[in-house]
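Engineer: Input file: my_file_17.pdb. Contents: PDB, C-alpha atoms.
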ATOM      1  CA  MET A  26       2.098 -15.692  15.008
ATOM      2  CA  ASP A  27       4.112 -12.578  14.380
ATOM      3  CA  ILE A  28       2.656 -10.574  11.480
ATOM      4  CA  ASP A  29       6.129  -9.605  10.292
ATOM      5  CA  ALA A  30       7.076 -13.293  10.086
ATOM      6  CA  LEU A  31       3.979 -13.971   8.002
ATOM      7  CA  ARG A  32       4.911 -11.134   5.647
ATOM      8  CA  SER A  33       8.363 -12.693   5.269
ATOM      9  CA  PHE A  34       6.826 -16.106   4.678
ATOM     10  CA  LEU A  35       4.645 -14.639   1.902
ATOM     11  CA  ALA A  36       7.746 -13.051   0.385
ATOM     12  CA  PHE A  37       9.122 -16.571  -0.047
ATOM     13  CA  VAL A  38       5.795 -17.692  -1.553
ATOM     14  CA  GLU A  39       6.070 -14.876  -4.085
ATOM     15  CA  THR A  40       9.756 -15.284  -4.961
ATOM     16  CA  GLY A  41      10.336 -19.023  -4.378
ATOM     17  CA  SER A  42      13.744 -18.374  -2.851
ATOM     18  CA  PHE A  43      15.160 -17.476   0.563
ATOM     19  CA  THR A  44      17.717 -15.226  -1.175
ATOM     20  CA  ARG A  45      15.177 -13.327  -3.268
ATOM     21  CA  ALA A  46      12.687 -13.143  -0.380
ATOM     22  CA  ALA A  47      15.358 -11.669   1.891
ATOM     23  CA  LYS A  48      16.142  -9.001  -0.706
ATOM     24  CA  GLN A  49      12.465  -8.201  -1.158
ATOM     25  CA  ILE A  50      12.006  -7.420   2.541
ATOM     26  CA  ASN A  51      15.434  -5.764   2.889
ATOM     27  CA  ARG A  52      16.953  -8.352   5.233
ATOM     28  CA  THR A  53      20.025 -10.533   5.122
ATOM     29  CA  GLN A  54      19.497 -14.132   4.116
ATOM     30  CA  SER A  55      20.681 -15.330   7.549
ATOM     31  CA  ALA A  56      18.151 -13.063   9.291
ATOM     32  CA  PHE A  57      15.411 -14.313   6.993
ATOM     33  CA  SER A  58      16.342 -17.964   7.623
ATOM     34  CA  ALA A  59      16.368 -17.398  11.377
ATOM     35  CA  GLN A  60      12.920 -15.827  11.181
ATOM     36  CA  MET A  61      11.540 -18.802   9.266
ATOM     37  CA  ARG A  62      13.069 -21.287  11.745
ATOM     38  CA  LYS A  63      11.448 -19.362  14.594
ATOM     39  CA  LEU A  64       8.080 -19.515  12.805
ATOM     40  CA  GLU A  65       8.460 -23.256  12.293
ATOM     41  CA  ASP A  66       9.381 -23.725  15.974
ATOM     42  CA  GLU A  67       6.337 -21.741  17.033
ATOM     43  CA  LEU A  68       4.041 -23.868  14.875
ATOM     44  CA  SER A  69       5.944 -27.135  15.530
ATOM     45  CA  VAL A  70       5.883 -28.005  11.807
ATOM     46  CA  SER A  71       8.199 -27.859   8.824
ATOM     47  CA  LEU A  72       7.031 -25.228   6.375
ATOM     48  CA  PHE A  73       9.578 -25.998   3.645
ATOM     49  CA  GLU A  74      10.966 -29.115   1.987
ATOM     50  CA  LYS A  75      13.553 -29.890  -0.647
ATOM     51  CA  GLU A  76      12.461 -30.666  -4.174
ATOM     52  CA  GLY A  77      15.614 -31.401  -6.089
ATOM     53  CA  ARG A  78      17.813 -28.338  -5.685
ATOM     54  CA  ASN A  79      14.865 -26.103  -4.895
ATOM     55  CA  LEU A  80      13.076 -25.352  -1.651
ATOM     56  CA  VAL A  81       9.280 -25.539  -1.833
ATOM     57  CA  LEU A  82       6.394 -25.324   0.592
ATOM     58  CA  SER A  83       5.553 -28.412   2.557
ATOM     59  CA  GLU A  84       1.976 -29.551   3.076
ATOM     60  CA  ALA A  85       1.899 -27.506   6.269
ATOM     61  CA  GLY A  86       3.396 -24.558   4.381
ATOM     62  CA  LEU A  87       0.670 -24.739   1.765
ATOM     63  CA  GLU A  88      -1.955 -24.719   4.504
ATOM     64  CA  LEU A  89      -0.320 -21.719   6.170
ATOM     65  CA  ARG A  90      -0.153 -19.812   2.891
ATOM     66  CA  ALA A  91      -3.909 -19.292   2.588
ATOM     67  CA  HIS A  92      -4.244 -18.234   6.216
ATOM     68  CA  ALA A  93      -1.200 -15.972   6.050
ATOM     69  CA  GLU A  94      -2.610 -14.100   3.064
ATOM     70  CA  GLN A  95      -5.886 -13.528   4.892
ATOM     71  CA  LEU A  96      -4.198 -12.481   8.149
ATOM     72  CA  VAL A  97      -1.824 -10.038   6.455
ATOM     73  CA  ALA A  98      -4.649  -8.566   4.377
ATOM     74  CA  LEU A  99      -6.791  -8.147   7.495
ATOM     75  CA  HIS A 100      -3.863  -6.603   9.369
ATOM     76  CA  ASN A 101      -3.244  -4.141   6.539
ATOM     77  CA  LYS A 102      -6.919  -3.188   6.448
ATOM     78  CA  ALA A 103      -6.988  -2.647  10.205
ATOM     79  CA  LEU A 104      -3.882  -0.457  10.015
ATOM     80  CA  TYR A 105      -5.380   1.614   7.217
ATOM     81  CA  GLN A 106      -8.690   2.090   9.008
ATOM     82  CA  VAL A 107      -7.068   3.102  12.298
ATOM     83  CA  LYS A 108      -4.355   5.280  10.728
ATOM     84  CA  ARG A 109      -7.050   7.512   9.285
ATOM     85  CA  TYR A 110      -7.601   8.812  12.805
ATOM     86  CA  GLU A 111      -3.946   9.704  13.327
ATOM     87  CA  ASP A 112      -3.556  13.333  14.434
ATOM     88  CA  LYS A 113      -7.260  13.814  13.815
ATOM     89  CA  ARG A 114      -9.031  16.761  15.425
ATOM     90  CA  PRO A 115     -12.718  17.692  15.198
ATOM     91  CA  PHE A 116     -13.759  20.219  12.593
ATOM     92  CA  ARG A 117     -15.451  23.117  14.404
ATOM     93  CA  LEU A 118     -18.033  24.695  12.109
ATOM     94  CA  GLY A 119     -20.052  27.811  12.883
ATOM     95  CA  CYS A 120     -23.426  28.343  11.252
ATOM     96  CA  PRO A 121     -26.087  30.977  12.007
ATOM     97  CA  GLU A 122     -29.385  29.352  12.851
ATOM     98  CA  ASP A 123     -31.127  30.742   9.771
ATOM     99  CA  TYR A 124     -28.884  28.563   7.569
ATOM    100  CA  ASN A 125     -29.332  25.369   9.602
ATOM    101  CA  ASP A 126     -32.207  23.923   7.565
ATOM    102  CA  ILE A 127     -30.861  24.301   4.025
ATOM    103  CA  ILE A 128     -27.184  25.289   3.874
ATOM    104  CA  LEU A 129     -25.804  23.344   6.860
ATOM    105  CA  PRO A 130     -26.941  19.847   5.729
ATOM    106  CA  LYS A 131     -25.415  20.420   2.290
ATOM    107  CA  ALA A 132     -22.135  21.488   3.886
ATOM    108  CA  ILE A 133     -22.091  18.475   6.224
ATOM    109  CA  ARG A 134     -22.828  16.116   3.325
ATOM    110  CA  ALA A 135     -19.976  17.585   1.263
ATOM    111  CA  LEU A 136     -17.564  17.323   4.201
ATOM    112  CA  LYS A 137     -18.582  13.707   4.774
ATOM    113  CA  GLN A 138     -18.068  12.838   1.113
ATOM    114  CA  ALA A 139     -14.618  14.425   1.116
ATOM    115  CA  GLU A 140     -13.560  12.756   4.381
ATOM    116  CA  PRO A 141     -15.815   9.915   5.638
ATOM    117  CA  THR A 142     -14.158   9.806   9.080
ATOM    118  CA  CYS A 143     -14.547  13.510   9.779
ATOM    119  CA  SER A 144     -15.947  14.542  13.147
ATOM    120  CA  ILE A 145     -17.832  17.841  12.998
ATOM    121  CA  GLN A 146     -18.855  20.110  15.844
ATOM    122  CA  VAL A 147     -21.540  22.636  14.869
ATOM    123  CA  PHE A 148     -22.000  25.946  16.675
ATOM    124  CA  SER A 149     -25.151  27.935  15.867
ATOM    125  CA  GLN A 150     -24.444  31.546  16.758
ATOM    126  CA  PRO A 151     -25.144  34.946  15.173
ATOM    127  CA  SER A 152     -22.728  35.937  12.425
ATOM    128  CA  VAL A 153     -21.115  38.679  14.515
ATOM    129  CA  THR A 154     -20.270  36.120  17.208
ATOM    130  CA  LEU A 155     -18.932  33.620  14.687
ATOM    131  CA  ARG A 156     -16.598  36.217  13.196
ATOM    132  CA  GLU A 157     -15.180  36.879  16.652
ATOM    133  CA  TRP A 158     -14.772  33.144  17.217
ATOM    134  CA  LEU A 159     -12.891  32.822  13.917
ATOM    135  CA  ASP A 160     -10.497  35.547  15.025
ATOM    136  CA  ASP A 161     -10.035  33.879  18.429
ATOM    137  CA  ASP A 162      -9.466  30.399  16.880
ATOM    138  CA  LYS A 163     -12.544  28.996  18.625
ATOM    139  CA  ILE A 164     -13.831  27.559  15.349
ATOM    140  CA  ASP A 165     -12.170  26.363  12.138
ATOM    141  CA  ALA A 166     -14.698  27.786   9.665
ATOM    142  CA  ALA A 167     -18.046  29.531   9.564
ATOM    143  CA  ILE A 168     -20.955  29.831   7.150
ATOM    144  CA  LEU A 169     -21.586  33.575   6.899
ATOM    145  CA  THR A 170     -23.276  36.268   4.850
ATOM    146  CA  ARG A 171     -20.711  38.122   2.754
ATOM    147  CA  ALA A 172     -20.693  41.889   2.532
ATOM    148  CA  PRO A 173     -21.606  43.187  -0.978
ATOM    149  CA  ASP A 174     -18.182  44.781  -1.511
ATOM    150  CA  SER A 175     -16.208  41.830  -0.155
ATOM    151  CA  GLU A 176     -14.565  38.828  -1.804
ATOM    152  CA  GLU A 177     -14.058  36.916   1.443
ATOM    153  CA  GLY A 178     -14.644  33.204   1.783
ATOM    154  CA  HIS A 179     -15.710  30.447  -0.572
ATOM    155  CA  TRP A 180     -19.097  30.961  -2.240
ATOM    156  CA  LEU A 181     -21.817  28.481  -1.242
ATOM    157  CA  ALA A 182     -25.145  30.014  -2.283
ATOM    158  CA  ASN A 183     -27.078  33.187  -3.034
ATOM    159  CA  ASP A 184     -30.143  34.218  -1.036
ATOM    160  CA  GLN A 185     -32.806  36.832  -1.718
ATOM    161  CA  GLY A 186     -34.355  38.869   1.071
ATOM    162  CA  VAL A 187     -38.155  38.630   1.392
ATOM    163  CA  TRP A 188     -40.890  39.944   3.668
ATOM    164  CA  ILE A 189     -42.763  37.302   5.681
ATOM    165  CA  ALA A 190     -46.064  37.162   7.546
ATOM    166  CA  SER A 191     -48.450  34.640   9.046
ATOM    167  CA  LYS A 192     -50.889  33.029   6.649
ATOM    168  CA  ASP A 193     -53.808  35.180   7.791
ATOM    169  CA  PHE A 194     -51.982  38.462   8.344
ATOM    170  CA  GLU A 195     -53.313  41.407   6.334
ATOM    171  CA  ILE A 196     -50.881  44.293   6.267
ATOM    172  CA  ASP A 197     -53.518  46.983   5.564
ATOM    173  CA  ASP A 198     -55.364  46.134   8.778
ATOM    174  CA  VAL A 199     -52.537  47.246  11.082
ATOM    175  CA  GLN A 200     -50.937  50.664  11.456
ATOM    176  CA  PRO A 201     -48.164  51.202  12.320
ATOM    177  CA  ILE A 202     -46.805  47.922  10.952
ATOM    178  CA  PRO A 203     -45.205  45.844  13.716
ATOM    179  CA  LEU A 204     -41.805  44.420  12.765
ATOM    180  CA  ALA A 205     -39.816  41.460  13.999
ATOM    181  CA  LEU A 206     -36.315  41.642  12.511
ATOM    182  CA  PHE A 207     -32.848  40.266  13.015
ATOM    183  CA  GLN A 208     -30.364  42.316  15.032
ATOM    184  CA  SER A 209     -29.288  45.689  13.642
ATOM    185  CA  ASP A 210     -26.077  44.291  12.100
ATOM    186  CA  CYS A 211     -28.183  42.201   9.684
ATOM    187  CA  LYS A 212     -28.495  43.550   6.131
ATOM    188  CA  TYR A 213     -32.212  42.754   6.034
ATOM    189  CA  HIS A 214     -32.790  44.803   9.208
ATOM    190  CA  ALA A 215     -31.299  47.973   7.732
ATOM    191  CA  ALA A 216     -32.915  47.453   4.322
ATOM    192  CA  ALA A 217     -36.347  46.849   5.825
ATOM    193  CA  ILE A 218     -36.243  49.996   7.969
ATOM    194  CA  ASP A 219     -34.845  52.068   5.110
ATOM    195  CA  GLY A 220     -37.440  50.793   2.631
ATOM    196  CA  LEU A 221     -40.419  51.523   4.889
ATOM    197  CA  THR A 222     -39.044  54.942   5.812
ATOM    198  CA  LYS A 223     -38.618  55.947   2.160
ATOM    199  CA  ARG A 224     -42.195  54.858   1.454
ATOM    200  CA  GLY A 225     -43.469  56.852   4.381
ATOM    201  CA  THR A 226     -44.982  53.722   5.903
ATOM    202  CA  PRO A 227     -45.282  53.937   9.691
ATOM    203  CA  TYR A 228     -43.822  51.000  11.590
ATOM    204  CA  GLN A 229     -43.094  49.805  15.099
ATOM    205  CA  LEU A 230     -39.971  47.743  15.763
ATOM    206  CA  LEU A 231     -41.544  45.130  18.021
ATOM    207  CA  ALA A 232     -38.584  42.766  18.365
ATOM    208  CA  CYS A 233     -34.951  42.303  17.333
ATOM    209  CA  CYS A 234     -34.023  38.619  17.211
ATOM    210  CA  ASN A 235     -30.680  36.863  17.011
ATOM    211  CA  THR A 236     -32.162  33.642  15.625
ATOM    212  CA  ALA A 237     -34.423  32.845  12.700
ATOM    213  CA  SER A 238     -36.631  30.618  14.852
ATOM    214  CA  ALA A 239     -37.387  33.495  17.218
ATOM    215  CA  GLN A 240     -38.311  35.804  14.349
ATOM    216  CA  ARG A 241     -40.461  33.145  12.688
ATOM    217  CA  ALA A 242     -42.268  32.360  15.963
ATOM    218  CA  ILE A 243     -43.308  35.996  16.446
ATOM    219  CA  VAL A 244     -44.370  36.333  12.820
ATOM    220  CA  ARG A 245     -46.203  32.989  12.863
ATOM    221  CA  GLU A 246     -48.405  34.212  15.706
ATOM    222  CA  GLY A 247     -49.454  37.228  13.662
ATOM    223  CA  MET A 248     -47.827  39.724  16.017
ATOM    224  CA  ALA A 249     -45.529  41.213  13.366
ATOM    225  CA  ILE A 250     -44.124  40.850   9.897
ATOM    226  CA  GLY A 251     -40.471  40.087   9.304
ATOM    227  CA  ALA A 252     -37.634  40.259   6.796
ATOM    228  CA  MET A 253     -35.264  37.364   6.160
ATOM    229  CA  GLY A 254     -33.622  35.349   3.413
ATOM    230  CA  ARG A 255     -35.904  33.163   1.300
ATOM    231  CA  ILE A 256     -33.809  30.137   2.313
ATOM    232  CA  SER A 257     -34.973  30.556   5.915
ATOM    233  CA  VAL A 258     -38.718  30.838   5.200
ATOM    234  CA  THR A 259     -40.807  27.860   6.334
ATOM    235  CA  ASP A 260     -43.995  26.571   4.699
ATOM    236  CA  ASP A 261     -46.222  27.858   7.497
ATOM    237  CA  LEU A 262     -45.451  31.479   6.553
ATOM    238  CA  LYS A 263     -46.330  33.526   3.470
ATOM    239  CA  ILE A 264     -44.144  35.869   1.474
ATOM    240  CA  LEU A 265     -45.542  39.387   1.091
ATOM    241  CA  ASP A 266     -45.645  41.150  -2.271
ATOM    242  CA  ASN A 267     -45.643  44.889  -2.941
ATOM    243  CA  MET A 268     -43.137  45.595  -0.210
ATOM    244  CA  PRO A 269     -39.814  47.485  -0.359
ATOM    245  CA  VAL A 270     -37.133  45.535  -2.173
ATOM    246  CA  LEU A 271     -34.705  43.694   0.099
ATOM    247  CA  PRO A 272     -31.125  42.872  -0.934
ATOM    248  CA  SER A 273     -29.784  39.568  -2.154
ATOM    249  CA  VAL A 274     -26.742  38.205  -0.342
ATOM    250  CA  ASP A 275     -23.958  35.713  -0.941
ATOM    251  CA  ILE A 276     -23.525  32.936   1.606
ATOM    252  CA  VAL A 277     -19.893  31.873   1.960
ATOM    253  CA  LEU A 278     -17.646  29.594   3.968
ATOM    254  CA  VAL A 279     -15.003  31.630   5.776
ATOM    255  CA  LEU A 280     -11.940  29.780   7.089
ATOM    256  CA  GLY A 281     -10.138  30.457  10.337
ATOM    257  CA  ALA A 282      -6.551  31.626  10.556
ATOM    258  CA  ARG A 283      -5.285  28.162  11.509
ATOM    259  CA  SER A 284      -5.736  25.714   8.665
ATOM    260  CA  HIS A 285      -7.638  22.505   9.372
ATOM    261  CA  PRO A 286      -6.573  19.338   7.476
ATOM    262  CA  LEU A 287     -10.163  18.832   6.324
ATOM    263  CA  MET A 288     -10.103  22.087   4.379
ATOM    264  CA  ASN A 289      -8.145  20.788   1.401
ATOM    265  CA  LYS A 290      -8.792  21.536  -2.261
ATOM    266  CA  GLU A 291     -10.966  18.458  -2.813
ATOM    267  CA  CYS A 292     -13.184  19.231   0.158
ATOM    268  CA  LEU A 293     -13.608  22.894  -0.800
ATOM    269  CA  GLU A 294     -14.586  21.841  -4.328
ATOM    270  CA  GLN A 295     -17.232  19.537  -2.840
ATOM    271  CA  LEU A 296     -18.584  22.364  -0.700
ATOM    272  CA  MET A 297     -18.700  24.875  -3.555
ATOM    273  CA  GLY A 298     -20.191  22.347  -5.974
TER     274      GLY A 298
END
Is it possible to give me this structure as structure tokens?
Structural biologist:
Amino acid sequence: MDIDALRSFLAFVETGSFTRAAKQINRTQSAFSAQMRKLEDELSVSLFEKEGRNLVLSEAGLELRAHAEQLVALHNKALYQVKRYEDKRPFRLGCPEDYNDIILPKAIRALKQAEPTCSIQVFSQPSVTLREWLDDDKIDAAILTRAPDSEEGHWLANDQGVWIASKDFEIDDVQPIPLALFQSDCKYHAAAIDGLTKRGTPYQLLACCNTASAQRAIVREGMAIGAMGRISVTDDLKILDNMPVLPSVDIVLVLGARSHPLMNKECLEQLMG
């Protein structure tokens, strides 16, 4: 059965008249009548019968009514569900590895709440790489650390820099102090070096890492101490006191030059909430 014919049939059910039904679906009465005759021929039954001067549903028409309502409702639901994927493209999100455990899941949850059918591709790269990818339109947005004097992006969270060590590491037992830090473009890297230098504390830069997991692995083995955001510290490490103060940073979502449909006002409010 043609779904359009069933819609027309239900228009008659609603209006009780071929004339009014034809107007409701924006057809001529002759076109509507022809469509109903074709439906009756297809089913080999009479769907209408005369009752005085009025036309009413026959027994077969009454039976069809219940099924037609279900079929049209199911058809409408299917159209709605499928149409949501029209012109859909994946949302390409960059996120440095040190924000994967805490910030990324919150962002994904907010995106999913705003658009349940969203498809998200996550790229874990250092911030400097993600900024280049934003400029080159390789990603649609990135979770990044905002510069202190900048207003870029949409604020997500604040993070405080801390010093980390293995559970049994004693800083007074080792001189110079071995360091495992992020790459030199990281704010914690510069602040850590500057703080130790001003204190006159000797240090050895053992390793520069471009991922939080690499830095944590070196620190966990007791080979060095590190500096990172509190958000990235795992339970198997300890935070050191009496060390040079490290900066706090704002974590923001920075959008690419080409707008993605997912980045609407509602979704951004979910992310920033």
Engineer: For each of A:Cys234, A:Arg32, A:Arg255, A:Glu177, take the minimum atom-to-atom distance to Gln208 in chain A, counting only C-alpha atoms, then give the residue where this is smallest.
Structural biologist: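 Closest to Gln208 in chain A of all the choices is A:Cys234.
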Engineer: If the PyMOL selection byres ((chain A and resi 42) around 12) were run on this exact file, what residues would it hold? Put them as a VMD selection string.
Structural biologist: chain A and resid 33 to 41 43 to 49 54 57 to 58 73 75 78 to 82
Engineer: For the file shown, what are the residues hit by the PyMOL selection byres ((chain A and resi 276) around 8), laid out as JSON, numbers by chain?
Structural biologist: {"A": [168, 169, 170, 171, 180, 181, 182, 183, 184, 274, 275, 277, 278]}
Engineer: Report as a list in words all protein, DNA and RNA residues lying within 9 Å of Gly247 in chain A, evaluated on all atoms listed in the file, omitting residues in the same chain fewer than 4 positions from it.
Structural biologist: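 Selected residues are Ala190, Ser191, Lys192, Asp193, Phe194, Ala242 and Ile243 of chain A.
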Engineer: Show me a table, sorted first by chain and then by increasing residue number, of the residues of range 199-244 of chain A having an atom at most 9 Å from range 249-253 of chain A, each with its shortest atom pair and the distance in Å to one decimal, counting all atoms listed in the file and written as a tab-separated table.
Structural biologist:
residue	atom	partner	partner_atom	distance
A:Ile202	CA	A:Ala249	CA	7.2
A:Pro203	CA	A:Ala249	CA	4.7
A:Leu204	CA	A:Ala249	CA	5.0
A:Ala205	CA	A:Gly251	CA	4.9
A:Leu206	CA	A:Gly251	CA	5.5
A:Phe207	CA	A:Met253	CA	7.8
A:Tyr213	CA	A:Ala252	CA	6.0
A:His214	CA	A:Ala252	CA	7.1
A:Ala216	CA	A:Ala252	CA	9.0
A:Ala217	CA	A:Ala252	CA	6.8
A:Leu230	CA	A:Ala249	CA	8.9
A:Leu231	CA	A:Ala249	CA	7.3
A:Ala232	CA	A:Ala249	CA	8.7
A:Ala237	CA	A:Met253	CA	8.0
A:Gln240	CA	A:Gly251	CA	7.0
A:Arg241	CA	A:Gly251	CA	7.7
A:Ile243	CA	A:Ala249	CA	6.5
A:Val244	CA	A:Ala249	CA	5.0
Engineer: Looking at only C-alpha atoms, which of A:Asn235, A:Val187, A:Val270, A:Tyr105 is the one that sits closest to Asp219 in chain A?
Structural biologist: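 Looking only at the distances to Asp219 in chain A, the closest residue turns out to be A:Val270.
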Engineer: I'd like to know which of A:Lys263, A:Lys131, A:Arg114, A:Gly119 is closest to Ser144 in chain A, using all atoms listed in the file.
Structural biologist: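 The answer is A:Arg114, which sits nearest to Ser144 in chain A.
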Engineer: In terms of the shortest atom-to-atom distance over all atoms listed in the file, which of A:Thr226, A:Thr53, A:Gln200, A:Gln138 is closest to Cys292 in chain A?
Structural biologist: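 For Cys292 in chain A, the nearest of the candidates is A:Gln138.
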Engineer: Once the PyMOL selection byres ((chain A and resi 121) around 12) has been evaluated on this model, what residues remain selected, and can you format them as a ChimeraX atom specification?
Structural biologist: /A:118-120,122-129,147-156,167-170,207,211,235-238,257,276-278
Engineer: Mind giving me the straight-line distance from CA of Ala239 in chain A to CA of Leu265 in chain A in Å, one decimal?
Structural biologist: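 According to the coordinates, CA of Ala239 in chain A and CA of Leu265 in chain A are separated by 19.0 Å.
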Engineer: Using all atoms listed in the file, determine which residues lie at most 6 Å from Ala166 in chain A, disregarding the query and same-chain residues fewer than 6 positions distant; provide the list as a ChimeraX atom specification.
Structural biologist: /A:118,279-281
Engineer: Could you tell me how far CA of Leu96 in chain A sits from CA of Ile28 in chain A, in Å to one decimal place?
Structural biologist: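 For CA of Ile28 in chain A relative to CA of Leu96 in chain A, the distance reads 7.9 Å.
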Engineer: Hey, can you check how far CA of Arg90 in chain A sits from CA of Glu76 in chain A?
Structural biologist: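 Separation between CA of Arg90 in chain A and CA of Glu76 in chain A: 18.1 Å.
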Engineer: Which residue gives the smallest distance to Pro173 in chain A among A:Arg283, A:Arg117, A:Lys212, A:Lys137, with all atoms listed in the file counted?
Structural biologist: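 For Pro173 in chain A, the nearest of the candidates is A:Lys212.
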